[in-house]
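**Student:** Just passing along the structure, written as structure tokens.
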Protein chains: 2
Amino acid sequence: MIQSATASAPASIGNVSVGFDVLGQAFDAVRDTITAERVRGSGVTLGSVGGLADALPDSLESNTALAAAGAVLSAARAPFAVRISIHKGVPISAGMGGSAASAVAAAAAVNALLDTPFAVEDLLPFALRGEAVSADPPPWDNVMASLHGGLVIAARLDPALIRRLPAPQGVVAILLHPDVRIETRAARGILKPSVPLHTAVEHARRISAFTLGCATNDFDLVRAGFEDILIEPQRRYLLPELPAVKKAAMEAGALGCSFSGSGPSVFAWALVGDADAVEAAMTGAFRQARRQARAYRAPLDSAGVRIEQRAEAAA
Amino acid sequence: MIQSATASAPASIGNVSVGFDVLGQAFDAVRDTITAERVRGSGVTLGSVGGLADALPDSLESNTALAAAGAVLSAARAPFAVRISIHKGVPISAGMGGSAASAVAAAAAVNALLDTPFAVEDLLPFALRGEAVSADPPPWDNVMASLHGGLVIAARLDPALIRRLPAPQGVVAILLHPDVRIETRAARGILKPSVPLHTAVEHARRISAFTLGCATNDFDLVRAGFEDILIEPQRRYLLPELPAVKKAAMEAGALGCSFSGSGPSVFAWALVGDADAVEAAMTGAFRQARRQARAYRAPLDSAGVRIEQRAEAAA
């Protein structure tokens with residue numbers, strides 16, 4: 001019998017620019033780590049909290065990890081309670097998929113305690129229950145990327161059809177997290193309910209080109225498809241320096257650059273050989289705008305969730 | 001010196017369901033064949049007309065083949081005139097890309113007369129000038145498919161970036177042409193100028209899934225992405241029996257079914273082994289609606305334009 005299990009899940013880049021609510025990308029520069037312990041009673045309680053957070057809400061309604069843990073416990077009709085300890089490695093409210101990482105890691109940690117665990121891919125709905133604490137209905141992009149790793153498409157929602165895209169070779173993602181706060185709810189709230197047909201068609205052209213570019217390792221297609229014309233223009237004002245940062249990234253050779261999720265973090269894709277120059281250019285543009293920004297970097301084929309440790313009960 | 005040249009170009013399936021104004025597919029069940037002859041003087045004149053047409057307009061403003069021929073002649077500053085003879089193999093006003101086939105074949109035939117011909121892919125703008133006779137601005141889908149062959153994406157319009165998608169293995173396209181007339185102009189005119197954001201996102205999800213499915217030979221993805229939720233619902237009423245024909249095709253095992261271009265023809269993709277059943281089911285559904293429909297079939301990797309014959313001037 002497993003007494004406690006520790007799982008970690010990576011940060012993620014929601015939307016991957018052109019893929020609003022469709023594409024997500026694991027970003028294994030930082031991870032959230034969750035330990036689940038069997039305890040007496042029923043339900044889910046919060047244990048220790050550490051890393052980038054000193055304290056977190058302790059109810060299922062307001063803590064993504066606890067909500068995801070509770071969803072797994074209920075679905076499995078587990079005859080025990082769990083205590084969830086959280087080590088935040090993913091910055092909070094950064095647009096780096098922190099709530100998804102916690103939800104995914106919590107679901108996986110609790111799953112590892114079960115006598116008959118679910119398959120990893122079947123943890124999606126439980127992790128989404130956690131993500132719903134931050135945004136309801138929860139977008140899938142961060143959750144599926146954090147779970148599966150790599151570059152992921154939600155090809156169909158019901159029934160779920162999720163696939164990993166072949167990630168282009170020799171490309172890394174660079175992410176800059178500026179010291180600005182943008183609430184996901186607010187960022188979604190400003191979106192207009194309708195778009196010109198022309199924009200919808202051009203957006204479709206871009207995501208199709210981008211998808212084909214990734215699948216066939218064709219950088220001309222990746223570049224042609226990268227730009228988000230559907231959502232980014234509506235959110236641009238949330239980060240006034242975005243145009244300057246993008247311009248700097250593109251001039252330094254990036255394949256593309258956009259918000260990570262709904263921001264405030266900004267990410268770029270670059271060939272490995274251009275990555276240092278792109279990161280320096282983006283950092284410089286933020287500095288010029290008198291904005292502090294921390295840089296992260298991870299490969300496109302970042303790992304998804306994994307079990308870090310299992311401890312058996314003493315006999 | 002080449003005195004006359006004959007080129008042929010295939011029919012095509014515009015949009016390929018989910019790819020409105022983005023994807024096109026050559027459909028080499030029927031072809032238009034154009035002969036261009038050097039004659040004295042300047043400009044373009046109409047020679048003989050045959051095949052499925054007895055007569056065609058004889059001005060550059062109203063004949064796609066002549067317009068495309070004229071565009072090539074002008075661009076090349078050719079010191080001669082051409083006479084264009086047209087053999088229509090592609091039914092007219094069928095939604096089978098007949099005007100594009102004539103434009104592409106005419107551009108290629110005239111090109112073959114030039115001392116320094118253009119590369120085949122560089123004929124696109126000239127063929128588009130021909131297609132503009134039918135719809136201005138001309139959609140690219142039929143023209144690029146007829147030119148390049150296979151399944152084609154217009155990944156970027158300016159500067160043009162066109163790629164052939166890897167076509168899924170073992171799939172054929174079945175097309176039924178019913179005896180109804182739908183004008184392309186009218187079919188475009190009814191489209192609403194804006195769409196719900198939700199629809200734009202779900203459309204993007206589908207074209208991305210479809211593109212990845214084609215590129216990776218994943219039929220689950222092709223099926224998940226095939227449906228056109230952006231345009232078809234707005235045009236469905238143009239062919240009241242469309243839902244019944246689609247249902248019959250899908251129940252017989254089709255991967256998907258939709259209008260070819262703006263209709264009235266309806267096409268389906270099916271695995272080779274299911275093709276007879278799908279064709280029979282679609283034909284049956286048209287018959288039930290007391291509508292005559294002619295069936296055509298062609299592989300996904302249909303050939304594009306080609307030179308059929310060249311004749312040198314007598315010495």
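Order determines the names: the first chain of the structure tokens is A, the second B, and so forth; residues in each chain are numbered 1 upward, and ligands are numbered 1 upward as they are shown.
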With only C-alpha atoms considered, list every residue of chain A at most 9 Å from chain B, as a PyMOL selection string.
**Tutor:** chain A and resi 19-23+153-156+161+163+165+191-212+214-216+220-221+224-225+230
**Student:** Once you have the residues from the selection above, write them out as a PDB file, in the first residue's frame, restricted to C-alpha atoms.
**Tutor:**
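The resulting result01.pdb:
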ATOM      1  CA  GLY A  19      -3.727  28.233 -30.885  1.00  0.00           C
ATOM      2  CA  PHE A  20      -6.196  30.020 -28.595  1.00  0.00           C
ATOM      3  CA  ASP A  21      -7.971  27.317 -26.564  1.00  0.00           C
ATOM      4  CA  VAL A  22      -6.606  24.679 -28.975  1.00  0.00           C
ATOM      5  CA  LEU A  23      -2.835  24.343 -28.455  1.00  0.00           C
ATOM      6  CA  ILE A 153      -3.557  19.848 -29.441  1.00  0.00           C
ATOM      7  CA  ALA A 154      -7.063  19.458 -28.086  1.00  0.00           C
ATOM      8  CA  ALA A 155      -8.402  18.148 -31.389  1.00  0.00           C
ATOM      9  CA  ARG A 156     -11.864  17.493 -29.986  1.00  0.00           C
ATOM     10  CA  LEU A 161      -9.192  13.722 -28.476  1.00  0.00           C
ATOM     11  CA  ARG A 163      -2.590  14.465 -29.523  1.00  0.00           C
ATOM     12  CA  LEU A 165       2.257  17.343 -32.236  1.00  0.00           C
ATOM     13  CA  LEU A 191     -12.721  39.413 -25.500  1.00  0.00           C
ATOM     14  CA  LYS A 192     -15.367  40.524 -27.969  1.00  0.00           C
ATOM     15  CA  PRO A 193     -18.105  37.936 -28.486  1.00  0.00           C
ATOM     16  CA  SER A 194     -17.810  38.027 -32.256  1.00  0.00           C
ATOM     17  CA  VAL A 195     -15.064  38.483 -34.828  1.00  0.00           C
ATOM     18  CA  PRO A 196     -15.070  39.469 -38.511  1.00  0.00           C
ATOM     19  CA  LEU A 197     -15.378  36.470 -40.838  1.00  0.00           C
ATOM     20  CA  HIS A 198     -12.191  37.616 -42.524  1.00  0.00           C
ATOM     21  CA  THR A 199     -10.313  37.394 -39.213  1.00  0.00           C
ATOM     22  CA  ALA A 200     -11.703  33.930 -38.497  1.00  0.00           C
ATOM     23  CA  VAL A 201     -10.542  32.736 -41.924  1.00  0.00           C
ATOM     24  CA  GLU A 202      -7.076  34.275 -41.605  1.00  0.00           C
ATOM     25  CA  HIS A 203      -6.746  32.826 -38.106  1.00  0.00           C
ATOM     26  CA  ALA A 204      -7.657  29.390 -39.464  1.00  0.00           C
ATOM     27  CA  ARG A 205      -5.075  29.820 -42.228  1.00  0.00           C
ATOM     28  CA  ARG A 206      -2.418  30.564 -39.645  1.00  0.00           C
ATOM     29  CA  ILE A 207      -3.145  27.697 -37.287  1.00  0.00           C
ATOM     30  CA  SER A 208      -3.275  25.293 -40.215  1.00  0.00           C
ATOM     31  CA  ALA A 209       0.066  26.571 -41.525  1.00  0.00           C
ATOM     32  CA  PHE A 210       1.577  26.433 -38.037  1.00  0.00           C
ATOM     33  CA  THR A 211       0.332  22.902 -37.429  1.00  0.00           C
ATOM     34  CA  LEU A 212       1.673  21.693 -40.766  1.00  0.00           C
ATOM     35  CA  CYS A 214       5.375  21.698 -36.770  1.00  0.00           C
ATOM     36  CA  ALA A 215       4.400  18.332 -38.243  1.00  0.00           C
ATOM     37  CA  THR A 216       6.768  18.613 -41.190  1.00  0.00           C
ATOM     38  CA  ASP A 220       8.698  28.892 -43.186  1.00  0.00           C
ATOM     39  CA  LEU A 221       5.282  27.527 -42.294  1.00  0.00           C
ATOM     40  CA  ALA A 224       3.885  32.169 -41.452  1.00  0.00           C
ATOM     41  CA  GLY A 225       1.439  30.734 -38.949  1.00  0.00           C
ATOM     42  CA  LEU A 230      -7.607  36.606 -33.178  1.00  0.00           C
TER      43      LEU A 230
END
**Student:** In stretch 113-274 of chain B, what's helix (DSSP H, G or I) per DSSP? Answer as a ChimeraX atom specification?
**Tutor:** /B:120-131,141-148,184-189,197-216,219-226,232-238,242-251,272-274
**Student:** What lies within 6 Å of A:Pro10 using only C-alpha atoms, ignoring chain neighbours under 3 positions off, as a VMD selection string?
**Tutor:** chain A and resid 27 to 28 30 to 31 101 146
**Student:** Where does DSSP see strand (DSSP E) in stretch 95-295 of chain B, if you list the residues as a PyMOL selection string?
**Tutor:** chain B and resi 151-157+160-165+171-178+194-196+256-259+266-271+293-295
**Student:** Just the residues within 8 Å of A:Ala293, please, counting only C-alpha atoms, with nothing from its chain fewer than 3 positions along; format it as a PDB file with N, CA and C atoms, in the first residue's frame.
**Tutor:**
ATOM      1  N   LEU A 176       9.705  35.305 -20.884  1.00  0.00           N
ATOM      2  CA  LEU A 176      10.032  36.375 -19.943  1.00  0.00           C
ATOM      3  C   LEU A 176       8.810  36.721 -19.111  1.00  0.00           C
ATOM      4  N   HIS A 177       9.005  36.672 -17.807  1.00  0.00           N
ATOM      5  CA  HIS A 177       7.927  36.959 -16.874  1.00  0.00           C
ATOM      6  C   HIS A 177       8.140  38.342 -16.265  1.00  0.00           C
ATOM      7  N   PRO A 178       7.376  39.331 -16.729  1.00  0.00           N
ATOM      8  CA  PRO A 178       7.530  40.678 -16.187  1.00  0.00           C
ATOM      9  C   PRO A 178       6.746  40.844 -14.892  1.00  0.00           C
ATOM     10  N   ASP A 179       7.130  41.827 -14.106  1.00  0.00           N
ATOM     11  CA  ASP A 179       6.465  42.043 -12.805  1.00  0.00           C
ATOM     12  C   ASP A 179       5.172  42.849 -12.980  1.00  0.00           C
ATOM     13  N   THR A 283      14.826  40.789 -23.119  1.00  0.00           N
ATOM     14  CA  THR A 283      15.168  41.368 -21.825  1.00  0.00           C
ATOM     15  C   THR A 283      15.479  42.856 -21.978  1.00  0.00           C
ATOM     16  N   PHE A 286      12.297  44.908 -22.401  1.00  0.00           N
ATOM     17  CA  PHE A 286      11.613  45.122 -21.118  1.00  0.00           C
ATOM     18  C   PHE A 286      12.360  46.160 -20.284  1.00  0.00           C
ATOM     19  N   ARG A 287      13.679  46.084 -20.293  1.00  0.00           N
ATOM     20  CA  ARG A 287      14.471  47.018 -19.505  1.00  0.00           C
ATOM     21  C   ARG A 287      14.244  48.441 -19.989  1.00  0.00           C
TER      22      ARG A 287
END
**Student:** At what distance in Å, to one decimal, does atom CA of B:Ile13 lie from atom CA of B:Gly170?
**Tutor:**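 According to the coordinates, atom CA of B:Gly170 and atom CA of B:Ile13 are separated by 18.1 Å.
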**Student:** Counting only C-alpha atoms, which residues in stretch 120-139 of chain A sit no more than 7 Å from stretch 63-70 of chain A? For each one, give the nearest pair of atoms and the distance in Å, sorted by chain then residue number, as a tab-separated table.
**Tutor:**
residue	atom	partner	partner_atom	distance
A:Phe126	CA	A:Ala68	CA	5.2
A:Ala127	CA	A:Ala68	CA	5.1
A:Arg129	CA	A:Ala68	CA	5.6
A:Gly130	CA	A:Thr64	CA	4.2
A:Glu131	CA	A:Thr64	CA	5.7
A:Val133	CA	A:Thr64	CA	5.6
**Student:** Can you work out the spacing between atom CA of A:Gly304 and atom CA of A:Leu147 in Å, to one decimal?
**Tutor:**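 So the two atoms, atom CA of A:Gly304 and atom CA of A:Leu147, lie 5.0 Å apart.
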**Student:** Compile the contact shell of B:Arg306 as a ChimeraX atom specification: residues with an atom at most 7 Å away, counting only C-alpha atoms, same-chain residues fewer than 4 positions apart removed.
**Tutor:** /B:7-9
**Student:** Which residues, written as a ChimeraX atom specification, have at least one atom at most 9 Å from A:Val90, with only C-alpha atoms counted and residues fewer than 3 positions away on the same chain left out?
**Tutor:** /A:10-11,29-32,51-52,94,96-99,101-102
**Student:** Next, write the just-selected residues to a file, as a compact mmCIF listing (two decimals), in the first residue's frame, keeping C-alpha atoms as the atom set.
**Tutor:**
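The resulting selection34.txt:
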# COMPACT_ATOMS: atom_id res chain seq x y z
CA PRO A 10 5.75 21.48 -15.58
CA ALA A 11 4.73 25.05 -16.29
CA ALA A 29 11.80 25.33 -16.93
CA VAL A 30 9.97 25.15 -13.59
CA ARG A 31 7.62 22.62 -12.00
CA ASP A 32 5.09 22.42 -9.21
CA GLY A 51 8.53 27.27 -2.77
CA LEU A 52 7.20 30.45 -4.38
CA ALA A 94 2.38 34.75 -14.46
CA MET A 96 2.82 30.18 -16.98
CA GLY A 97 0.14 27.63 -16.19
CA GLY A 98 0.81 27.48 -12.47
CA SER A 99 -2.71 26.49 -11.50
CA ALA A 101 0.64 22.44 -12.97
CA SER A 102 -0.65 22.18 -9.40
